>>> print(open('structure14.pdb').read())   # PDB, C-alpha atoms
ATOM      1  CA  MET M   1     166.083  30.384  94.922
ATOM      2  CA  ALA M   2     165.008  34.007  95.055
ATOM      3  CA  LEU M   3     164.845  35.838  98.362
ATOM      4  CA  LYS M   4     161.319  37.218  98.785
ATOM      5  CA  TRP M   5     161.141  40.730 100.166
ATOM      6  CA  GLY M   6     158.427  42.761 101.828
ATOM      7  CA  ILE M   7     158.976  46.527 101.683
ATOM      8  CA  VAL M   8     157.832  48.304 104.830
ATOM      9  CA  SER M   9     156.903  51.907 103.969
ATOM     10  CA  ALA M  10     156.603  53.651 100.638
ATOM     11  CA  GLY M  11     158.965  56.557 101.340
ATOM     12  CA  GLN M  12     162.065  57.823  99.568
ATOM     13  CA  ILE M  13     164.606  55.265 100.770
ATOM     14  CA  SER M  14     162.147  52.414 100.210
ATOM     15  CA  ASN M  15     161.715  53.694  96.657
ATOM     16  CA  ASP M  16     165.472  53.541  96.110
ATOM     17  CA  PHE M  17     165.803  50.092  97.662
ATOM     18  CA  ALA M  18     163.014  48.737  95.466
ATOM     19  CA  ALA M  19     164.589  50.411  92.437
ATOM     20  CA  ALA M  20     167.935  48.770  93.249
ATOM     21  CA  LEU M  21     166.303  45.351  93.437
ATOM     22  CA  THR M  22     165.058  45.784  89.869
ATOM     23  CA  LEU M  23     168.719  45.304  88.899
ATOM     24  CA  ALA M  24     168.553  41.728  90.237
ATOM     25  CA  SER M  25     167.495  38.661  88.299
ATOM     26  CA  GLU M  26     164.279  36.870  89.285
ATOM     27  CA  ASN M  27     166.212  34.030  90.901
ATOM     28  CA  GLU M  28     168.102  36.496  93.147
ATOM     29  CA  HIS M  29     165.529  38.824  94.664
ATOM     30  CA  GLN M  30     161.768  39.322  94.343
ATOM     31  CA  ILE M  31     159.592  41.947  96.010
ATOM     32  CA  VAL M  32     156.317  40.205  96.815
ATOM     33  CA  ALA M  33     154.614  42.817  99.014
ATOM     34  CA  VAL M  34     154.692  46.417 100.140
ATOM     35  CA  ALA M  35     152.974  48.051 103.114
ATOM     36  CA  ALA M  36     152.380  51.683 103.990
ATOM     37  CA  ARG M  37     150.233  53.598 106.455
ATOM     38  CA  SER M  38     147.997  54.488 103.504
ATOM     39  CA  LYS M  39     146.619  51.714 101.293
ATOM     40  CA  GLN M  40     146.597  54.157  98.385
ATOM     41  CA  ARG M  41     150.320  54.899  98.764
ATOM     42  CA  ALA M  42     151.084  51.197  98.989
ATOM     43  CA  GLU M  43     149.061  50.521  95.842
ATOM     44  CA  GLU M  44     150.819  53.317  93.940
ATOM     45  CA  PHE M  45     154.200  51.944  95.041
ATOM     46  CA  ALA M  46     153.170  48.413  94.049
ATOM     47  CA  LYS M  47     152.016  49.557  90.634
ATOM     48  CA  LYS M  48     155.268  51.444  90.027
ATOM     49  CA  PHE M  49     157.463  48.437  90.841
ATOM     50  CA  ASN M  50     155.074  45.675  89.699
ATOM     51  CA  ILE M  51     154.681  44.253  93.226
ATOM     52  CA  PRO M  52     151.881  41.678  93.566
ATOM     53  CA  ARG M  53     150.436  42.737  96.939
ATOM     54  CA  ALA M  54     149.899  46.103  98.613
ATOM     55  CA  TYR M  55     148.834  46.487 102.238
ATOM     56  CA  GLY M  56     147.472  49.425 104.167
ATOM     57  CA  SER M  57     148.949  48.206 107.447
ATOM     58  CA  TYR M  58     152.322  46.832 108.481
ATOM     59  CA  LYS M  59     150.667  43.975 110.381
ATOM     60  CA  GLU M  60     149.215  42.595 107.140
ATOM     61  CA  LEU M  61     152.675  42.399 105.615
ATOM     62  CA  ALA M  62     154.045  40.762 108.770
ATOM     63  CA  GLU M  63     151.368  38.079 108.412
ATOM     64  CA  ASP M  64     152.075  37.444 104.706
ATOM     65  CA  PRO M  65     153.489  33.887 104.520
ATOM     66  CA  ASP M  66     155.345  34.604 101.260
ATOM     67  CA  VAL M  67     157.612  37.270 102.763
ATOM     68  CA  ASP M  68     161.045  35.961 103.793
ATOM     69  CA  VAL M  69     162.626  39.238 104.853
ATOM     70  CA  ALA M  70     161.235  42.680 105.612
ATOM     71  CA  TYR M  71     163.062  45.810 104.540
ATOM     72  CA  VAL M  72     162.126  48.363 107.223
ATOM     73  CA  GLY M  73     162.345  51.815 105.684
ATOM     74  CA  VAL M  74     160.118  53.758 108.091
ATOM     75  CA  PHE M  75     161.605  56.710 109.977
ATOM     76  CA  HIS M  76     163.870  55.675 112.853
ATOM     77  CA  PRO M  77     161.510  56.525 115.763
ATOM     78  CA  GLU M  78     159.390  53.629 114.451
ATOM     79  CA  HIS M  79     162.229  51.183 113.796
ATOM     80  CA  LEU M  80     161.882  49.293 117.071
ATOM     81  CA  ARG M  81     158.109  48.859 116.975
ATOM     82  CA  ILE M  82     157.887  47.843 113.333
ATOM     83  CA  SER M  83     160.968  45.598 113.334
ATOM     84  CA  GLU M  84     159.725  43.772 116.422
ATOM     85  CA  LEU M  85     156.348  43.287 114.736
ATOM     86  CA  MET M  86     158.086  41.671 111.771
ATOM     87  CA  MET M  87     160.366  39.491 113.886
ATOM     88  CA  GLU M  88     157.497  38.330 116.090
ATOM     89  CA  HIS M  89     155.964  36.961 112.877
ATOM     90  CA  LYS M  90     159.237  35.176 112.060
ATOM     91  CA  LYS M  91     160.336  37.597 109.373
ATOM     92  CA  HIS M  92     164.019  38.333 108.914
ATOM     93  CA  VAL M  93     164.709  42.078 109.021
ATOM     94  CA  LEU M  94     166.966  44.517 107.225
ATOM     95  CA  CYS M  95     166.357  47.747 109.147
ATOM     96  CA  GLU M  96     167.525  51.095 107.828
ATOM     97  CA  LYS M  97     170.107  53.014 109.805
ATOM     98  CA  PRO M  98     170.208  54.111 112.541
ATOM     99  CA  LEU M  99     169.022  50.811 113.961
ATOM    100  CA  CYS M 100     167.155  52.649 116.727
ATOM    101  CA  VAL M 101     166.961  56.011 118.455
ATOM    102  CA  ASN M 102     169.241  54.959 121.322
ATOM    103  CA  TYR M 103     171.177  52.097 122.866
ATOM    104  CA  SER M 104     168.353  50.754 125.016
ATOM    105  CA  GLN M 105     166.085  50.404 121.989
ATOM    106  CA  ALA M 106     168.850  48.789 119.919
ATOM    107  CA  TYR M 107     169.547  46.297 122.698
ATOM    108  CA  LYS M 108     165.840  45.442 122.905
ATOM    109  CA  MET M 109     165.561  44.951 119.139
ATOM    110  CA  ILE M 110     168.583  42.663 118.967
ATOM    111  CA  LYS M 111     167.300  40.685 121.959
ATOM    112  CA  THR M 112     164.007  40.196 120.108
ATOM    113  CA  ALA M 113     165.878  38.900 117.063
ATOM    114  CA  HIS M 114     167.688  36.368 119.256
ATOM    115  CA  GLN M 115     164.459  35.300 120.957
ATOM    116  CA  HIS M 116     162.731  34.603 117.639
ATOM    117  CA  HIS M 117     165.854  33.198 115.968
ATOM    118  CA  VAL M 118     165.638  35.519 112.963
ATOM    119  CA  PHE M 119     168.204  37.486 110.997
ATOM    120  CA  LEU M 120     168.577  41.182 111.811
ATOM    121  CA  MET M 121     170.901  43.659 110.132
ATOM    122  CA  GLU M 122     171.315  47.410 110.432
ATOM    123  CA  GLY M 123     171.195  48.843 106.924
ATOM    124  CA  ILE M 124     174.580  50.523 106.693
ATOM    125  CA  TRP M 125     174.843  49.889 102.978
ATOM    126  CA  SER M 126     178.281  51.506 102.762
ATOM    127  CA  ARG M 127     179.847  48.388 104.267
ATOM    128  CA  CYS M 128     178.501  46.250 101.403
ATOM    129  CA  THR M 129     179.938  48.245  98.501
ATOM    130  CA  PRO M 130     182.939  47.076  96.421
ATOM    131  CA  ILE M 131     184.962  50.126  97.461
ATOM    132  CA  TYR M 132     184.573  49.233 101.133
ATOM    133  CA  GLU M 133     185.523  45.642 100.343
ATOM    134  CA  LYS M 134     188.721  46.937  98.749
ATOM    135  CA  LEU M 135     189.252  49.224 101.742
ATOM    136  CA  ARG M 136     189.007  46.310 104.167
ATOM    137  CA  GLN M 137     191.546  44.363 102.123
ATOM    138  CA  GLU M 138     194.029  47.258 102.120
ATOM    139  CA  LEU M 139     193.647  47.881 105.847
ATOM    140  CA  SER M 140     194.044  44.182 106.596
ATOM    141  CA  SER M 141     197.167  43.860 104.450
ATOM    142  CA  GLY M 142     198.803  46.864 106.119
ATOM    143  CA  THR M 143     199.245  48.841 102.902
ATOM    144  CA  ILE M 144     199.292  52.159 104.775
ATOM    145  CA  GLY M 145     200.732  50.798 107.992
ATOM    146  CA  ARG M 146     199.184  51.533 111.374
ATOM    147  CA  VAL M 147     196.200  53.888 111.206
ATOM    148  CA  ARG M 148     196.893  57.135 113.046
ATOM    149  CA  GLN M 149     194.292  59.630 111.883
ATOM    150  CA  VAL M 150     190.886  59.550 110.218
ATOM    151  CA  ILE M 151     189.081  62.622 108.869
ATOM    152  CA  VAL M 152     185.493  62.281 107.645
ATOM    153  CA  ASN M 153     183.256  65.086 106.363
ATOM    154  CA  PHE M 154     179.581  64.759 105.467
ATOM    155  CA  GLY M 155     177.558  67.899 104.864
ATOM    156  CA  ALA M 156     174.475  68.654 102.808
ATOM    157  CA  VAL M 157     171.482  70.949 102.993
ATOM    158  CA  VAL M 158     168.670  68.669 104.167
ATOM    159  CA  ASN M 159     165.283  70.355 104.017
ATOM    160  CA  ALA M 160     163.167  67.494 105.357
ATOM    161  CA  GLU M 161     161.009  68.680 108.247
ATOM    162  CA  ARG M 162     161.649  65.485 110.248
ATOM    163  CA  VAL M 163     165.386  66.337 110.467
ATOM    164  CA  ARG M 164     164.598  69.662 112.168
ATOM    165  CA  ARG M 165     162.172  68.324 114.790
ATOM    166  CA  ARG M 166     162.953  66.831 118.183
ATOM    167  CA  ILE M 167     159.663  64.894 118.223
ATOM    168  CA  SER M 168     160.855  62.980 115.133
ATOM    169  CA  CYS M 169     164.306  62.418 116.679
ATOM    170  CA  GLY M 170     165.863  64.707 114.114
ATOM    171  CA  GLY M 171     169.349  66.086 113.882
ATOM    172  CA  ALA M 172     172.503  65.684 111.843
ATOM    173  CA  LEU M 173     174.020  62.841 113.868
ATOM    174  CA  LEU M 174     171.277  60.254 113.442
ATOM    175  CA  ASP M 175     170.454  61.326 109.899
ATOM    176  CA  ILE M 176     173.934  61.420 108.346
ATOM    177  CA  GLY M 177     176.594  61.526 111.073
ATOM    178  CA  ILE M 178     176.217  57.791 111.623
ATOM    179  CA  TYR M 179     178.025  57.317 108.299
ATOM    180  CA  ASN M 180     181.031  59.243 109.629
ATOM    181  CA  LEU M 181     180.957  57.222 112.821
ATOM    182  CA  GLN M 182     180.773  53.810 111.166
ATOM    183  CA  PHE M 183     183.686  54.771 108.895
ATOM    184  CA  ALA M 184     185.883  55.675 111.851
ATOM    185  CA  LEU M 185     185.093  52.369 113.561
ATOM    186  CA  LEU M 186     185.941  50.458 110.396
ATOM    187  CA  ALA M 187     189.254  52.296 109.975
ATOM    188  CA  PHE M 188     190.270  51.550 113.562
ATOM    189  CA  GLY M 189     189.400  47.883 113.436
ATOM    190  CA  HIS M 190     185.983  48.154 115.111
ATOM    191  CA  ALA M 191     187.592  49.208 118.393
ATOM    192  CA  GLU M 192     185.727  51.333 120.916
ATOM    193  CA  PRO M 193     187.231  54.814 121.353
ATOM    194  CA  ILE M 194     188.699  55.546 124.753
ATOM    195  CA  ASP M 195     187.587  59.184 124.727
ATOM    196  CA  ILE M 196     184.970  61.303 122.943
ATOM    197  CA  GLN M 197     184.768  65.069 122.605
ATOM    198  CA  ALA M 198     181.864  66.627 120.710
ATOM    199  CA  ILE M 199     180.532  70.104 120.121
ATOM    200  CA  GLY M 200     177.595  71.103 117.977
ATOM    201  CA  ALA M 201     175.034  73.767 117.193
ATOM    202  CA  LEU M 202     171.377  73.124 117.981
ATOM    203  CA  ASN M 203     168.352  74.625 116.292
ATOM    204  CA  GLU M 204     165.409  76.208 118.108
ATOM    205  CA  ASP M 205     163.830  72.774 118.633
ATOM    206  CA  GLY M 206     166.900  71.361 120.351
ATOM    207  CA  VAL M 207     168.351  69.088 117.685
ATOM    208  CA  ASP M 208     171.814  69.286 116.152
ATOM    209  CA  GLU M 209     172.248  71.116 112.864
ATOM    210  CA  TYR M 210     175.971  70.450 112.664
ATOM    211  CA  ALA M 211     178.684  69.082 114.890
ATOM    212  CA  SER M 212     182.332  68.115 115.134
ATOM    213  CA  VAL M 213     183.396  65.018 117.031
ATOM    214  CA  ILE M 214     186.868  63.847 118.026
ATOM    215  CA  LEU M 215     187.289  60.177 118.888
ATOM    216  CA  LYS M 216     190.492  59.050 120.558
ATOM    217  CA  PHE M 217     191.487  55.446 120.046
ATOM    218  CA  GLY M 218     194.342  53.617 121.709
ATOM    219  CA  ASP M 219     197.925  53.812 120.406
ATOM    220  CA  LYS M 220     197.694  57.448 119.247
ATOM    221  CA  GLY M 221     194.709  56.979 116.932
ATOM    222  CA  VAL M 222     192.387  59.955 116.418
ATOM    223  CA  ALA M 223     189.284  60.401 114.251
ATOM    224  CA  THR M 224     187.759  63.790 113.425
ATOM    225  CA  LEU M 225     184.151  63.717 112.242
ATOM    226  CA  ASN M 226     182.353  66.758 110.819
ATOM    227  CA  PHE M 227     178.726  66.549 109.744
ATOM    228  CA  SER M 228     176.000  69.045 108.899
ATOM    229  CA  VAL M 229     172.450  69.190 107.557
ATOM    230  CA  VAL M 230     172.579  72.952 106.957
ATOM    231  CA  HIS M 231     175.652  73.376 104.747
ATOM    232  CA  PRO M 232     177.655  71.251 102.299
ATOM    233  CA  LEU M 233     181.076  69.752 103.017
ATOM    234  CA  ASP M 234     183.519  67.963 100.716
ATOM    235  CA  ASN M 235     182.091  64.543 101.707
ATOM    236  CA  ASN M 236     185.431  62.730 101.551
ATOM    237  CA  ALA M 237     186.853  60.241 104.054
ATOM    238  CA  ILE M 238     190.614  60.074 104.640
ATOM    239  CA  ILE M 239     192.641  57.473 106.505
ATOM    240  CA  ILE M 240     196.231  58.414 107.322
ATOM    241  CA  GLY M 241     198.634  55.665 108.335
ATOM    242  CA  THR M 242     202.301  55.343 109.181
ATOM    243  CA  LYS M 243     203.071  54.243 105.594
ATOM    244  CA  GLY M 244     200.570  56.166 103.484
ATOM    245  CA  GLN M 245     197.024  57.386 102.988
ATOM    246  CA  ILE M 246     193.688  56.174 101.662
ATOM    247  CA  THR M 247     191.063  58.631 100.418
ATOM    248  CA  ILE M 248     187.469  57.574  99.766
ATOM    249  CA  CYS M 249     186.039  60.158  97.400
ATOM    250  CA  ASN M 250     182.673  61.909  97.582
ATOM    251  CA  PRO M 251     180.216  60.365  98.314
ATOM    252  CA  PHE M 252     182.230  58.337 100.815
ATOM    253  CA  TRP M 253     179.096  56.541 102.095
ATOM    254  CA  ALA M 254     178.208  55.225  98.592
ATOM    255  CA  PRO M 255     181.534  55.516  96.794
ATOM    256  CA  THR M 256     182.766  54.625  93.348
ATOM    257  CA  LYS M 257     186.342  55.925  93.665
ATOM    258  CA  MET M 258     189.207  55.746  96.125
ATOM    259  CA  TYR M 259     192.908  56.548  96.144
ATOM    260  CA  ILE M 260     195.438  54.299  97.833
ATOM    261  CA  ASN M 261     198.356  56.682  98.085
ATOM    262  CA  ASP M 262     198.581  57.846  94.428
ATOM    263  CA  GLU M 263     196.888  54.792  92.902
ATOM    264  CA  LYS M 264     193.271  55.221  91.819
ATOM    265  CA  PHE M 265     190.749  52.426  92.267
ATOM    266  CA  GLU M 266     187.379  53.030  90.604
ATOM    267  CA  ILE M 267     184.220  51.067  89.865
ATOM    268  CA  LYS M 268     181.204  51.741  87.702
ATOM    269  CA  LEU M 269     177.842  51.300  89.370
ATOM    270  CA  GLN M 270     174.808  50.003  87.535
ATOM    271  CA  GLU M 271     171.983  52.430  88.167
ATOM    272  CA  PRO M 272     168.264  51.573  88.100
ATOM    273  CA  GLU M 273     165.992  52.815  85.340
ATOM    274  CA  TYR M 274     163.676  54.208  88.002
ATOM    275  CA  PRO M 275     164.395  57.706  89.349
ATOM    276  CA  CYS M 276     166.092  57.596  92.754
ATOM    277  CA  ASN M 277     166.198  60.081  95.617
ATOM    278  CA  PHE M 278     169.749  59.515  96.813
ATOM    279  CA  VAL M 279     173.102  59.358  95.081
ATOM    280  CA  ASN M 280     174.341  55.974  93.810
ATOM    281  CA  SER M 281     171.278  54.146  95.106
ATOM    282  CA  GLY M 282     171.975  51.244  92.775
ATOM    283  CA  ALA M 283     174.566  50.199  95.374
ATOM    284  CA  LEU M 284     171.717  49.175  97.677
ATOM    285  CA  LYS M 285     171.608  45.920  95.708
ATOM    286  CA  PHE M 286     174.952  44.948  97.251
ATOM    287  CA  GLU M 287     173.298  45.195 100.666
ATOM    288  CA  ALA M 288     170.423  42.961  99.567
ATOM    289  CA  ASP M 289     172.949  40.482  98.167
ATOM    290  CA  TYR M 290     174.720  40.299 101.525
ATOM    291  CA  VAL M 291     171.423  39.600 103.287
ATOM    292  CA  LYS M 292     170.788  36.754 100.846
ATOM    293  CA  HIS M 293     174.302  35.394 101.354
ATOM    294  CA  CYS M 294     173.903  35.451 105.145
ATOM    295  CA  LEU M 295     170.545  33.679 105.067
ATOM    296  CA  GLU M 296     171.780  31.027 102.639
ATOM    297  CA  ASN M 297     174.640  30.307 105.046
ATOM    298  CA  GLY M 298     172.478  30.144 108.144
ATOM    299  CA  LEU M 299     173.740  33.400 109.666
ATOM    300  CA  LEU M 300     171.507  35.497 111.916
ATOM    301  CA  GLU M 301     173.684  38.601 111.702
ATOM    302  CA  CYS M 302     175.923  40.081 109.030
ATOM    303  CA  PRO M 303     179.687  39.988 109.675
ATOM    304  CA  LEU M 304     180.051  43.342 107.907
ATOM    305  CA  ILE M 305     177.891  45.063 110.517
ATOM    306  CA  SER M 306     177.478  42.766 113.486
ATOM    307  CA  HIS M 307     175.002  43.144 116.319
ATOM    308  CA  ALA M 308     177.899  44.030 118.601
ATOM    309  CA  GLU M 309     178.921  46.872 116.314
ATOM    310  CA  SER M 310     175.353  48.129 115.982
ATOM    311  CA  LEU M 311     175.222  48.299 119.774
ATOM    312  CA  LEU M 312     178.562  50.112 119.830
ATOM    313  CA  LEU M 313     177.307  52.623 117.272
ATOM    314  CA  ALA M 314     174.163  53.209 119.327
ATOM    315  CA  ARG M 315     176.178  53.646 122.518
ATOM    316  CA  LEU M 316     178.525  56.144 120.877
ATOM    317  CA  GLN M 317     175.634  58.087 119.365
ATOM    318  CA  ASP M 318     174.077  58.364 122.817
ATOM    319  CA  LYS M 319     177.375  59.717 124.218
ATOM    320  CA  ILE M 320     177.768  62.221 121.388
ATOM    321  CA  ARG M 321     174.209  63.480 121.816
ATOM    322  CA  ARG M 322     174.791  63.959 125.533
ATOM    323  CA  GLU M 323     177.954  65.938 124.771
ATOM    324  CA  ILE M 324     176.165  68.302 122.397
ATOM    325  CA  GLY M 325     172.941  68.497 124.422
ATOM    326  CA  VAL M 326     170.384  66.595 122.341
ATOM    327  CA  LYS M 327     167.785  64.556 124.240
ATOM    328  CA  TYR M 328     164.739  62.754 122.891
ATOM    329  CA  ASP M 329     161.622  61.618 124.760
ATOM    330  CA  GLN M 330     162.694  58.009 124.090
ATOM    331  CA  ASP M 331     165.838  58.559 126.210
ATOM    332  CA  GLY M 332     163.800  58.546 129.384
TER     333      GLY M 332
END
>>> encode(input="structure14.pdb", output="structure tokens")
Amino acid sequence: MALKWGIVSAGQISNDFAAALTLASENEHQIVAVAARSKQRAEEFAKKFNIPRAYGSYKELAEDPDVDVAYVGVFHPEHLRISELMMEHKKHVLCEKPLCVNYSQAYKMIKTAHQHHVFLMEGIWSRCTPIYEKLRQELSSGTIGRVRQVIVNFGAVVNAERVRRRISCGGALLDIGIYNLQFALLAFGHAEPIDIQAIGALNEDGVDEYASVILKFGDKGVATLNFSVVHPLDNNAIIIGTKGQITICNPFWAPTKMYINDEKFEIKLQEPEYPCNFVNSGALKFEADYVKHCLENGLLECPLISHAESLLLARLQDKIRREIGVKYDQDG
């Protein structure tokens, strides 16, 4: 039976998620509704993707009895409010990353999911890709021995106004640096680092344009994370172990190629016919497939990105922001 989706917002990432779902068969996934702040935008989105219902408010979508799961693609300052609205109406939720602005919000959102007994997943689509599945297998089997060092670079010129503004909780860390952070946690077995050092450069509005973070894990493990929204980087992720090295090639967050020592492992992604805003957006279907798998098996969280890890990510992001001097109104 098809999983019936409601798309919350008609922005760029929602466009790409809807486009990715067009790669699915009708008995896998169906988009039955879309909501936006503007009824006109919702109707345009619905027409583009042949969605039966378009709403001019998020509450209307939350009340739609046909929607099984809401994909929350609004900007992250609104993640808590909108996700709670959906869950209070018994909708399962796939919420774009970062789950929330800070730890306290993330804790509140997850508590709401537990209270209403609904599925909630932070949309770190990287974890759902075939390359990451292969990576987990290689790490588990000890192909490169004990992980000692991780180096992750993610840099691009991001011109979106929201990324430059403190009022919209902008900055490089929450926009793209979360991908670096989740990769480091995966490489080190989801352990919490024992020490964090971070330094970054802030713009005139007090949000981070670029930063470098060093995470120290137990048993000599170190991760170095570099991320920027004002200049490009090589966008590779490297794991160095006692017996070898794994390199996830650009774009490491939505990859199609990796090297395990000198052996290349590569996949070919099916891309939607619809124009997309972000690289390799067809891979978003893997994320939707994992949501479907979890719901069919009665799970209320995804093992690939558990609630505990989402809370850890939020806690680490709070610590990094404090180190580099970024504070939002939501931090209290």
>>> resolve_selection(input="structure14.pdb", expression="the PyMOL selection byres ((chain M and resi 155-162) around 7)", output="PyMOL selection string")
chain M and resi 153-154+163-165+168+170+227-233+235
>>> resolve_selection(input="structure14.pdb", expression="the PyMOL selection byres ((chain M and resi 207-209) around 6)", output="PyMOL selection string")
chain M and resi 166+171-172+201-203+205-206+210+228-229+326
>>> resolve_selection(input="structure14.pdb", expression="the PyMOL selection byres ((chain M and resi 44-54) around 8)", output="number ranges by chain")
M: 10, 15, 18-19, 31-35, 39-43, 55-56
>>> atom_distance(input="structure14.pdb", atom1="atom CA of Glu122 of chain M", atom2="atom CA of Gln105 of chain M")
13.0 Å
>>> closest_residue(input="structure14.pdb", among="M:Leu135, M:Leu21, M:Leu181, M:Ile82", to="Ser310 of chain M", atoms="all atoms listed in the file")
M:Leu181
>>> residues_near_point(input="structure14.pdb", point="(158.8, 44.9, 104.5)", cutoff="10 Å", atoms="all atoms listed in the file", output="ChimeraX atom specification")
/M:4-10,14,31-36,58,61-62,67-74,82-83,86,91-95
